[in-house]
Amino acid sequence: MFDDINDLYQQVILDHCKKPRNFHEMAQATRTAQGHNPLCGDNLKLFLALDGDVIQDASFVGSGCCISKASASLLTDAVKGKTKAEVQAIFDQVHEMIMTGKIVGDVGKLAVFAGVYRYPARVKCAILSWHALIAAIKGEDQSVTTESEKN
Ligand code: ZN
């Protein structure tokens, strides 16, 4: 059963799942990372165009469940124009929210994932693109899997 807020969140997730934003490869990417969640079968590749410390552009390709696609879609929108330090801070907020349901600070549209903690099987789907993001920021052509991670 869902209350009105959760209903709205679900609609946003469905919308981003059916029409993912920034869903394309990026020739001018300076960083990429692969993310794989074997429990669900989610596979995605994240592309970042960094100019110094600032993410000028972000995109992704891949296949997976609705939650993983919507998460990557909202992520790529959320990180454009942000610095690496800002992105790390957003990651910490989103990670806390997805794991516990607690919203800390202003997470904007990413709040749609606040209910995911109640579905443990979906947590890794929601966090996958965020781990790929951090891997991409740390180095080129990184690969992450949710199974190397306790969360
Ligand atoms: Zn999934």
# chains A, B, ... in the order shown; residues from 1 in each chain; ligands from 1
>>> residues_around(residues="Glu147 in chain A", least_positions_apart="5", cutoff="10 Å", atoms="only C-alpha atoms", output="number ranges by chain")
A: 36-39, 124
>>> select_by_dssp(residues="range 3-123 of chain A", states="strand (DSSP E or B)", output="ChimeraX atom specification")
/A:23,31-37,42-51,54-63,83
>>> closest_residue(among="A:Gln10, A:Thr146, A:Gln88, A:Asn43", to="Ser63 in chain A", atoms="only C-alpha atoms")
A:Asn43
>>> residues_around(residues="Asn22 in chain A", least_positions_apart="5", cutoff="9 Å", atoms="only C-alpha atoms", output="number ranges by chain")
A: 58-61, 72-73, 76-77
>>> residues_around(residues="Cys125 in chain A", least_positions_apart="4", cutoff="12 Å", atoms="only C-alpha atoms", output="PyMOL selection string")
chain A and resi 35-44+63-72+98-99+113+116-117+119-121+129-132+145-147+151
>>> closest_residue(among="A:Gly115, A:Tyr9, A:Ile90, A:Cys17", to="ligand 1", atoms="only C-alpha atoms and all ligand atoms")
A:Cys17
>>> residues_around(residues="Thr32 in chain A", least_positions_apart="6", cutoff="9 Å", atoms="only C-alpha atoms", output="MDAnalysis selection string")
chainID A and resid 45:49 132:133 135:137 139:143
